[in-house]
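A.B. asks: Please find upload.pdb (PDB, C-alpha atoms and all ligand atoms) on the next line:
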ATOM      1  CA  MET A  87    -120.871  23.360  99.113  1.00  0.00           C
ATOM      2  CA  THR A  88    -123.359  25.825  97.664  1.00  0.00           C
ATOM      3  CA  ILE A  89    -126.170  24.318  95.629  1.00  0.00           C
ATOM      4  CA  ILE A  90    -128.069  26.596  93.267  1.00  0.00           C
ATOM      5  CA  LEU A  91    -131.350  25.602  91.606  1.00  0.00           C
ATOM      6  CA  LYS A  92    -132.231  26.989  88.180  1.00  0.00           C
ATOM      7  CA  GLU A  93    -134.782  26.311  85.466  1.00  0.00           C
ATOM      8  CA  HIS A  94    -132.800  24.403  82.884  1.00  0.00           C
ATOM      9  CA  GLN A  95    -133.174  23.221  79.294  1.00  0.00           C
ATOM     10  CA  PHE A  96    -131.245  19.946  79.276  1.00  0.00           C
ATOM     11  CA  SER A  97    -129.168  18.711  76.429  1.00  0.00           C
ATOM     12  CA  ILE A  98    -129.828  15.095  75.594  1.00  0.00           C
ATOM     13  CA  GLU A  99    -126.253  14.277  76.697  1.00  0.00           C
ATOM     14  CA  GLU A 100    -126.796  15.810  80.158  1.00  0.00           C
ATOM     15  CA  TYR A 101    -130.074  13.969  80.588  1.00  0.00           C
ATOM     16  CA  LEU A 102    -128.750  10.569  79.513  1.00  0.00           C
ATOM     17  CA  PHE A 103    -125.650  10.978  81.679  1.00  0.00           C
ATOM     18  CA  LEU A 104    -127.758  11.665  84.774  1.00  0.00           C
ATOM     19  CA  GLU A 105    -130.029   8.751  83.944  1.00  0.00           C
ATOM     20  CA  SER A 106    -127.001   6.475  83.638  1.00  0.00           C
ATOM     21  CA  GLN A 107    -125.975   7.402  87.190  1.00  0.00           C
ATOM     22  CA  MET A 108    -129.281   6.284  88.720  1.00  0.00           C
ATOM     23  CA  GLU A 109    -129.610   2.793  90.142  1.00  0.00           C
ATOM     24  CA  ASP A 110    -132.223   0.429  88.706  1.00  0.00           C
ATOM     25  CA  MET A 111    -133.011   2.745  85.799  1.00  0.00           C
ATOM     26  CA  ASP A 112    -133.672   1.203  82.387  1.00  0.00           C
ATOM     27  CA  GLU A 113    -131.677   2.860  79.623  1.00  0.00           C
ATOM     28  CA  THR A 114    -133.931   4.924  77.360  1.00  0.00           C
ATOM     29  CA  SER A 115    -133.327   5.565  73.680  1.00  0.00           C
ATOM     30  CA  PRO A 116    -131.935   9.056  72.902  1.00  0.00           C
ATOM     31  CA  LYS A 117    -134.802   9.609  70.459  1.00  0.00           C
ATOM     32  CA  GLN A 118    -137.477   8.858  73.064  1.00  0.00           C
ATOM     33  CA  ALA A 119    -135.660  10.945  75.706  1.00  0.00           C
ATOM     34  CA  GLN A 120    -135.365  13.904  73.315  1.00  0.00           C
ATOM     35  CA  LYS A 121    -139.075  13.748  72.493  1.00  0.00           C
ATOM     36  CA  SER A 122    -139.872  13.718  76.211  1.00  0.00           C
ATOM     37  CA  LEU A 123    -137.586  16.705  76.893  1.00  0.00           C
ATOM     38  CA  ASN A 124    -139.296  18.578  74.054  1.00  0.00           C
ATOM     39  CA  HIS A 125    -142.694  18.133  75.682  1.00  0.00           C
ATOM     40  CA  HIS A 126    -142.239  18.737  79.395  1.00  0.00           C
ATOM     41  CA  ILE A 127    -143.614  21.898  80.975  1.00  0.00           C
ATOM     42  CA  THR A 128    -140.435  22.830  82.784  1.00  0.00           C
ATOM     43  CA  ALA A 129    -137.330  21.316  84.307  1.00  0.00           C
ATOM     44  CA  VAL A 130    -135.036  22.342  87.115  1.00  0.00           C
ATOM     45  CA  ALA A 131    -131.414  21.478  87.721  1.00  0.00           C
ATOM     46  CA  ALA A 132    -129.393  21.698  90.934  1.00  0.00           C
ATOM     47  CA  PHE A 133    -125.846  22.928  90.323  1.00  0.00           C
ATOM     48  CA  ASP A 134    -122.687  22.552  92.382  1.00  0.00           C
ATOM     49  CA  GLY A 135    -120.660  25.185  90.526  1.00  0.00           C
ATOM     50  CA  GLU A 136    -120.941  24.203  86.854  1.00  0.00           C
ATOM     51  CA  LYS A 137    -121.846  20.592  87.603  1.00  0.00           C
ATOM     52  CA  ILE A 138    -125.439  19.365  87.444  1.00  0.00           C
ATOM     53  CA  VAL A 139    -125.983  17.229  90.538  1.00  0.00           C
ATOM     54  CA  GLY A 140    -129.752  16.783  90.482  1.00  0.00           C
ATOM     55  CA  ILE A 141    -132.788  17.362  88.313  1.00  0.00           C
ATOM     56  CA  GLY A 142    -136.562  17.299  88.304  1.00  0.00           C
ATOM     57  CA  ARG A 143    -139.140  17.760  85.565  1.00  0.00           C
ATOM     58  CA  LEU A 144    -142.832  18.653  85.345  1.00  0.00           C
ATOM     59  CA  ILE A 145    -145.299  17.268  82.822  1.00  0.00           C
ATOM     60  CA  GLY A 146    -149.067  17.612  82.585  1.00  0.00           C
ATOM     61  CA  ASP A 147    -151.787  19.952  81.301  1.00  0.00           C
ATOM     62  CA  ALA A 148    -150.741  22.880  83.539  1.00  0.00           C
ATOM     63  CA  ALA A 149    -154.360  23.366  84.599  1.00  0.00           C
ATOM     64  CA  PHE A 150    -155.886  20.369  86.412  1.00  0.00           C
ATOM     65  CA  TYR A 151    -152.973  17.958  86.445  1.00  0.00           C
ATOM     66  CA  TRP A 152    -149.293  18.352  87.112  1.00  0.00           C
ATOM     67  CA  CYS A 153    -146.928  15.390  87.382  1.00  0.00           C
ATOM     68  CA  LEU A 154    -143.409  15.262  88.795  1.00  0.00           C
ATOM     69  CA  VAL A 155    -140.980  13.030  86.918  1.00  0.00           C
ATOM     70  CA  ASP A 156    -137.256  12.287  86.904  1.00  0.00           C
ATOM     71  CA  ILE A 157    -136.458  13.508  90.410  1.00  0.00           C
ATOM     72  CA  TRP A 158    -132.819  12.440  90.374  1.00  0.00           C
ATOM     73  CA  VAL A 159    -129.889  13.354  92.596  1.00  0.00           C
ATOM     74  CA  LEU A 160    -126.405  11.996  91.843  1.00  0.00           C
ATOM     75  CA  PRO A 161    -125.544   9.254  94.369  1.00  0.00           C
ATOM     76  CA  GLU A 162    -122.663  11.207  95.924  1.00  0.00           C
ATOM     77  CA  TYR A 163    -124.966  14.196  96.509  1.00  0.00           C
ATOM     78  CA  GLN A 164    -127.898  12.274  97.993  1.00  0.00           C
ATOM     79  CA  GLY A 165    -128.888  12.823 101.629  1.00  0.00           C
ATOM     80  CA  LYS A 166    -127.954  16.517 101.590  1.00  0.00           C
ATOM     81  CA  GLY A 167    -131.401  18.035 101.116  1.00  0.00           C
ATOM     82  CA  ILE A 168    -131.069  18.516  97.334  1.00  0.00           C
ATOM     83  CA  GLY A 169    -133.989  16.242  96.396  1.00  0.00           C
ATOM     84  CA  ARG A 170    -136.200  18.158  98.819  1.00  0.00           C
ATOM     85  CA  LYS A 171    -135.137  21.481  97.266  1.00  0.00           C
ATOM     86  CA  ILE A 172    -135.904  20.159  93.768  1.00  0.00           C
ATOM     87  CA  VAL A 173    -139.422  19.041  94.723  1.00  0.00           C
ATOM     88  CA  GLN A 174    -140.066  22.314  96.578  1.00  0.00           C
ATOM     89  CA  TRP A 175    -138.870  24.293  93.525  1.00  0.00           C
ATOM     90  CA  LEU A 176    -141.303  22.387  91.292  1.00  0.00           C
ATOM     91  CA  LEU A 177    -144.195  22.845  93.766  1.00  0.00           C
ATOM     92  CA  GLN A 178    -143.468  26.574  93.868  1.00  0.00           C
ATOM     93  CA  TYR A 179    -143.485  26.635  90.046  1.00  0.00           C
ATOM     94  CA  ILE A 180    -146.919  24.980  90.111  1.00  0.00           C
ATOM     95  CA  LYS A 181    -148.207  27.573  92.588  1.00  0.00           C
ATOM     96  CA  GLU A 182    -146.944  30.432  90.450  1.00  0.00           C
ATOM     97  CA  ASN A 183    -148.223  28.995  87.169  1.00  0.00           C
ATOM     98  CA  SER A 184    -151.666  27.629  88.052  1.00  0.00           C
ATOM     99  CA  LEU A 185    -154.871  29.564  87.510  1.00  0.00           C
ATOM    100  CA  LYS A 186    -155.940  31.483  90.596  1.00  0.00           C
ATOM    101  CA  ASN A 187    -158.868  30.136  92.639  1.00  0.00           C
ATOM    102  CA  THR A 188    -158.557  26.618  91.238  1.00  0.00           C
ATOM    103  CA  ARG A 189    -157.645  23.289  92.814  1.00  0.00           C
ATOM    104  CA  VAL A 190    -154.937  21.320  91.038  1.00  0.00           C
ATOM    105  CA  SER A 191    -153.619  17.795  91.549  1.00  0.00           C
ATOM    106  CA  VAL A 192    -149.926  16.974  91.679  1.00  0.00           C
ATOM    107  CA  PHE A 193    -149.064  13.356  90.917  1.00  0.00           C
ATOM    108  CA  LEU A 194    -145.954  11.243  90.802  1.00  0.00           C
ATOM    109  CA  MET A 195    -144.991   7.596  90.610  1.00  0.00           C
ATOM    110  CA  ALA A 196    -142.649   6.920  93.501  1.00  0.00           C
ATOM    111  CA  ALA A 197    -139.845   4.485  92.846  1.00  0.00           C
ATOM    112  CA  PHE A 198    -139.888   1.486  95.170  1.00  0.00           C
ATOM    113  CA  GLY A 199    -138.743   2.561  98.655  1.00  0.00           C
ATOM    114  CA  LYS A 200    -138.922   6.302  97.899  1.00  0.00           C
ATOM    115  CA  GLU A 201    -142.473   6.846  99.191  1.00  0.00           C
ATOM    116  CA  GLY A 202    -141.210   8.167 102.543  1.00  0.00           C
ATOM    117  CA  PHE A 203    -139.193  10.896 100.816  1.00  0.00           C
ATOM    118  CA  TYR A 204    -142.328  12.227  99.109  1.00  0.00           C
ATOM    119  CA  GLU A 205    -144.509  11.771 102.206  1.00  0.00           C
ATOM    120  CA  LYS A 206    -142.171  14.107 104.063  1.00  0.00           C
ATOM    121  CA  LEU A 207    -142.917  16.674 101.364  1.00  0.00           C
ATOM    122  CA  GLY A 208    -146.691  16.360 101.817  1.00  0.00           C
ATOM    123  CA  PHE A 209    -147.658  13.678  99.268  1.00  0.00           C
ATOM    124  CA  ARG A 210    -150.215  11.007 100.248  1.00  0.00           C
ATOM    125  CA  THR A 211    -149.590   7.388  99.311  1.00  0.00           C
ATOM    126  CA  ARG A 212    -152.516   5.800  97.450  1.00  0.00           C
ATOM    127  CA  PRO A 213    -154.758   3.979  98.103  1.00  0.00           C
ATOM    128  CA  HIS A 214    -156.070   5.695 101.213  1.00  0.00           C
ATOM    129  CA  GLU A 215    -159.487   6.253 102.763  1.00  0.00           C
ATOM    130  CA  TYR A 216    -161.028   8.172  99.845  1.00  0.00           C
ATOM    131  CA  GLU A 217    -158.836   7.474  96.794  1.00  0.00           C
ATOM    132  CA  GLY A 218    -158.030   4.177  95.090  1.00  0.00           C
ATOM    133  CA  ALA A 219    -154.603   2.949  94.030  1.00  0.00           C
ATOM    134  CA  GLY A 220    -152.647   4.640  91.286  1.00  0.00           C
ATOM    135  CA  MET A 221    -152.583   2.398  88.235  1.00  0.00           C
ATOM    136  CA  LYS A 222    -150.262   1.932  85.309  1.00  0.00           C
ATOM    137  CA  PHE A 223    -150.371   0.223  81.935  1.00  0.00           C
ATOM    138  CA  GLU A 224    -147.266  -0.292  79.850  1.00  0.00           C
ATOM    139  CA  LEU A 225    -147.160  -0.820  76.114  1.00  0.00           C
ATOM    140  CA  ASP A 226    -144.256  -2.123  74.096  1.00  0.00           C
ATOM    141  CA  MET A 227    -144.087  -0.339  70.740  1.00  0.00           C
TER     142      MET A 227
HETATM  143  C1  LIG B   1    -135.062   9.956  96.094  1.00  0.00           C
HETATM  144  C2  LIG B   1    -134.044  11.088  95.978  1.00  0.00           C
HETATM  145  C3  LIG B   1    -134.471  12.053  94.888  1.00  0.00           C
HETATM  146  C4  LIG B   1    -133.989  11.836  97.322  1.00  0.00           C
HETATM  147  O1  LIG B   1    -133.107  12.922  97.181  1.00  0.00           O
HETATM  148  P1  LIG B   1    -132.070  13.312  98.356  1.00  0.00           P
HETATM  149  O2  LIG B   1    -131.400  14.568  97.977  1.00  0.00           O
HETATM  150  O3  LIG B   1    -131.211  12.127  98.637  1.00  0.00           O
HETATM  151  O4  LIG B   1    -133.060  13.523  99.588  1.00  0.00           O
HETATM  152  P2  LIG B   1    -133.012  14.684 100.686  1.00  0.00           P
HETATM  153  O5  LIG B   1    -131.640  14.703 101.281  1.00  0.00           O
HETATM  154  O6  LIG B   1    -133.519  15.950 100.098  1.00  0.00           O
HETATM  155  O7  LIG B   1    -134.036  14.115 101.755  1.00  0.00           O
HETATM  156  C5  LIG B   1    -135.134  14.878 102.255  1.00  0.00           C
HETATM  157  C6  LIG B   1    -135.761  14.083 103.385  1.00  0.00           C
HETATM  158  O8  LIG B   1    -136.292  12.840 102.870  1.00  0.00           O
HETATM  159  C7  LIG B   1    -135.710  11.743 103.562  1.00  0.00           C
HETATM  160  N1  LIG B   1    -135.514  10.665 102.599  1.00  0.00           N
HETATM  161  C8  LIG B   1    -134.670  10.621 101.548  1.00  0.00           C
HETATM  162  N2  LIG B   1    -134.806   9.452 100.883  1.00  0.00           N
HETATM  163  C9  LIG B   1    -135.752   8.753 101.548  1.00  0.00           C
HETATM  164  C10 LIG B   1    -136.356   7.468 101.349  1.00  0.00           C
HETATM  165  N3  LIG B   1    -135.999   6.677 100.328  1.00  0.00           N
HETATM  166  N4  LIG B   1    -137.319   7.063 102.227  1.00  0.00           N
HETATM  167  C11 LIG B   1    -137.694   7.860 103.250  1.00  0.00           C
HETATM  168  N5  LIG B   1    -137.170   9.105 103.490  1.00  0.00           N
HETATM  169  C12 LIG B   1    -136.208   9.525 102.643  1.00  0.00           C
HETATM  170  C13 LIG B   1    -134.392  12.263 104.112  1.00  0.00           C
HETATM  171  O9  LIG B   1    -133.973  11.497 105.214  1.00  0.00           O
HETATM  172  C14 LIG B   1    -134.761  13.686 104.479  1.00  0.00           C
HETATM  173  O10 LIG B   1    -135.466  13.664 105.715  1.00  0.00           O
HETATM  174  P3  LIG B   1    -135.382  14.876 106.797  1.00  0.00           P
HETATM  175  O11 LIG B   1    -136.142  16.028 106.165  1.00  0.00           O
HETATM  176  O12 LIG B   1    -136.056  14.315 107.986  1.00  0.00           O
HETATM  177  O13 LIG B   1    -133.933  15.178 106.977  1.00  0.00           O
HETATM  178  C15 LIG B   1    -132.617  10.539  95.707  1.00  0.00           C
HETATM  179  O14 LIG B   1    -132.309   9.592  96.680  1.00  0.00           O
HETATM  180  C16 LIG B   1    -132.443   9.900  94.335  1.00  0.00           C
HETATM  181  O15 LIG B   1    -132.153  10.588  93.353  1.00  0.00           O
HETATM  182  N6  LIG B   1    -132.582   8.567  94.248  1.00  0.00           N
HETATM  183  C17 LIG B   1    -132.331   7.839  92.983  1.00  0.00           C
HETATM  184  C18 LIG B   1    -133.352   8.197  91.908  1.00  0.00           C
HETATM  185  C19 LIG B   1    -134.752   7.974  92.380  1.00  0.00           C
HETATM  186  O16 LIG B   1    -135.129   6.875  92.807  1.00  0.00           O
HETATM  187  N7  LIG B   1    -135.566   9.032  92.293  1.00  0.00           N
HETATM  188  C20 LIG B   1    -136.961   8.984  92.688  1.00  0.00           C
HETATM  189  C21 LIG B   1    -137.763   8.560  91.546  1.00  0.00           C
HETATM  190  S1  LIG B   1    -139.488   8.474  92.003  1.00  0.00           S
END
Show me this structure written as structure tokens.
C.D. replies:
Amino acid sequence: MTIILKEHQFSIEEYLFLESQMEDMDETSPKQAQKSLNHHITAVAAFDGEKIVGIGRLIGDAAFYWCLVDIWVLPEYQGKGIGRKIVQWLLQYIKENSLKNTRVSVFLMAAFGKEGFYEKLGFRTRPHEYEGAGMKFELDM
């Protein structure tokens, strides 16, 4: 199996299909998903031949703050190093697209039980000795 990673502009159908394959994921409305896809900085897809088997997206201001979202690998392709490749691809994108001689922060919200995956890739779980907890506020529109 050869997995190739490429920058990819998702169709809404591709995105919603992948989302539907993820456990414990709330279904999003196509309209909200399309608006989100229109506003991300970049997205990467992992391909097995023509088939998309994993994705990752970057949002943020591309200067101080970058945020990884939707790091998804199809269940039958998990545990093969594809998630790691996706995160490394996005980190490399950040390195190549940040202003030189600056410090940037890369954030994410780990799904429950996935912290160890990101820790292996160099992320620190908050809170720790000099940063408080990440916080979240949800609004129903
Ligand atoms: C989380 C996810 C992206 C990981 O992708 P993956 O392709 O299965 O992971 P990889 O095979 O690249 O694993 C890389 C390393 O992380 C480890 N790892 C994977 N999942 C882990 C977990 N939940 N906890 C701790 N370590 C984990 C692997 O054992 C591997 O370790 P190694 O380098 O010592 O061999 C994938 O399981 C997934 O899509 N899950 C469902 C969607 C989801 O929850 N996404 C995260 C949203 S925050």
A.B. asks: List every protein, DNA or RNA residue with an atom no more than 6 Å from (-147.3, 15.4, 92.5) in the file's coordinates, counting all atoms listed in the file, and format the result as a ChimeraX atom specification.
C.D. replies: /A:153-154,192-194
A.B. asks: Determine the nearest neighbour of ligand LIG 1 (chain B) from the options A:Val190, A:Ile145, A:Ala197, A:Met227, counting only C-alpha atoms and all ligand atoms.
C.D. replies: A:Ala197
A.B. asks: Choose the residue, out of A:Met195, A:Ala149, A:Leu160, A:Ile138, that has the smallest atom-to-atom separation from Met221 of chain A; count all atoms listed in the file.
C.D. replies: A:Met195
A.B. asks: Ligand LIG 1 (chain B): which residues are within 8 Å, counting all atoms listed in the file, as an MDAnalysis selection string?
C.D. replies: chainID A and resid 108:109 140 155:161 163:172 194:207
A.B. asks: Written as an MDAnalysis selection string, what is the full residue list that the PyMOL selection byres (((chain A and resi 134) around 9) and not hetatm) yields on the file shown?
C.D. replies: chainID A and resid 87:90 132:133 135:139
A.B. asks: If I take atom CA of Glu93 of chain A and atom CA of Arg210 of chain A, how far is one from the other in Å, to one decimal?
C.D. replies: 26.3 Å
A.B. asks: Could you state which residues are captured by the PyMOL selection byres (((chain A and resi 182-184) around 12) and not hetatm) in this file, as a list in words?
C.D. replies: Ile127, Thr128, Leu144, Gly146, Asp147, Ala148, Ala149, Phe150, Tyr151, Trp152, Trp175, Leu176, Leu177, Gln178, Tyr179, Ile180, Lys181, Leu185, Lys186, Asn187, Thr188, Arg189, Val190, Ser191 and Val192 of chain A
A.B. asks: For the residues in the current selection, export C-alpha atoms as a PDB file, in the coordinates of the input.
C.D. replies:
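Written file, out18.pdb:
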ATOM      1  CA  ILE A 127    -143.614  21.898  80.975  1.00  0.00           C
ATOM      2  CA  THR A 128    -140.435  22.830  82.784  1.00  0.00           C
ATOM      3  CA  LEU A 144    -142.832  18.653  85.345  1.00  0.00           C
ATOM      4  CA  GLY A 146    -149.067  17.612  82.585  1.00  0.00           C
ATOM      5  CA  ASP A 147    -151.787  19.952  81.301  1.00  0.00           C
ATOM      6  CA  ALA A 148    -150.741  22.880  83.539  1.00  0.00           C
ATOM      7  CA  ALA A 149    -154.360  23.366  84.599  1.00  0.00           C
ATOM      8  CA  PHE A 150    -155.886  20.369  86.412  1.00  0.00           C
ATOM      9  CA  TYR A 151    -152.973  17.958  86.445  1.00  0.00           C
ATOM     10  CA  TRP A 152    -149.293  18.352  87.112  1.00  0.00           C
ATOM     11  CA  TRP A 175    -138.870  24.293  93.525  1.00  0.00           C
ATOM     12  CA  LEU A 176    -141.303  22.387  91.292  1.00  0.00           C
ATOM     13  CA  LEU A 177    -144.195  22.845  93.766  1.00  0.00           C
ATOM     14  CA  GLN A 178    -143.468  26.574  93.868  1.00  0.00           C
ATOM     15  CA  TYR A 179    -143.485  26.635  90.046  1.00  0.00           C
ATOM     16  CA  ILE A 180    -146.919  24.980  90.111  1.00  0.00           C
ATOM     17  CA  LYS A 181    -148.207  27.573  92.588  1.00  0.00           C
ATOM     18  CA  LEU A 185    -154.871  29.564  87.510  1.00  0.00           C
ATOM     19  CA  LYS A 186    -155.940  31.483  90.596  1.00  0.00           C
ATOM     20  CA  ASN A 187    -158.868  30.136  92.639  1.00  0.00           C
ATOM     21  CA  THR A 188    -158.557  26.618  91.238  1.00  0.00           C
ATOM     22  CA  ARG A 189    -157.645  23.289  92.814  1.00  0.00           C
ATOM     23  CA  VAL A 190    -154.937  21.320  91.038  1.00  0.00           C
ATOM     24  CA  SER A 191    -153.619  17.795  91.549  1.00  0.00           C
ATOM     25  CA  VAL A 192    -149.926  16.974  91.679  1.00  0.00           C
TER      26      VAL A 192
END
A.B. asks: Return as a ChimeraX atom specification the set of residues that the PyMOL selection byres (((chain A and resi 100) around 12) and not hetatm) yields on the displayed structure.
C.D. replies: /A:94-99,101-107,116,119-120,123,131,137-141
A.B. asks: Would you work out the distance separating atom CA of Gly142 of chain A from atom CA of Val130 of chain A, expressed in Å to one decimal?
C.D. replies: 5.4 Å
A.B. asks: What separation in Å, quoted to one decimal, exists between atom CA of Lys92 of chain A and atom CA of Ala129 of chain A?
C.D. replies: 8.6 Å
A.B. asks: Box time for segment 131-137 of chain A: axis-aligned, enclosing all its listed atoms, 8 Å extra on each side; report centre and edge lengths in Å to one decimal, as lines of an AutoDock Vina configuration file.
C.D. replies:
center_x = -126.0
center_y = 22.9
center_z = 89.6
size_x = 26.8
size_y = 20.6
size_z = 21.5
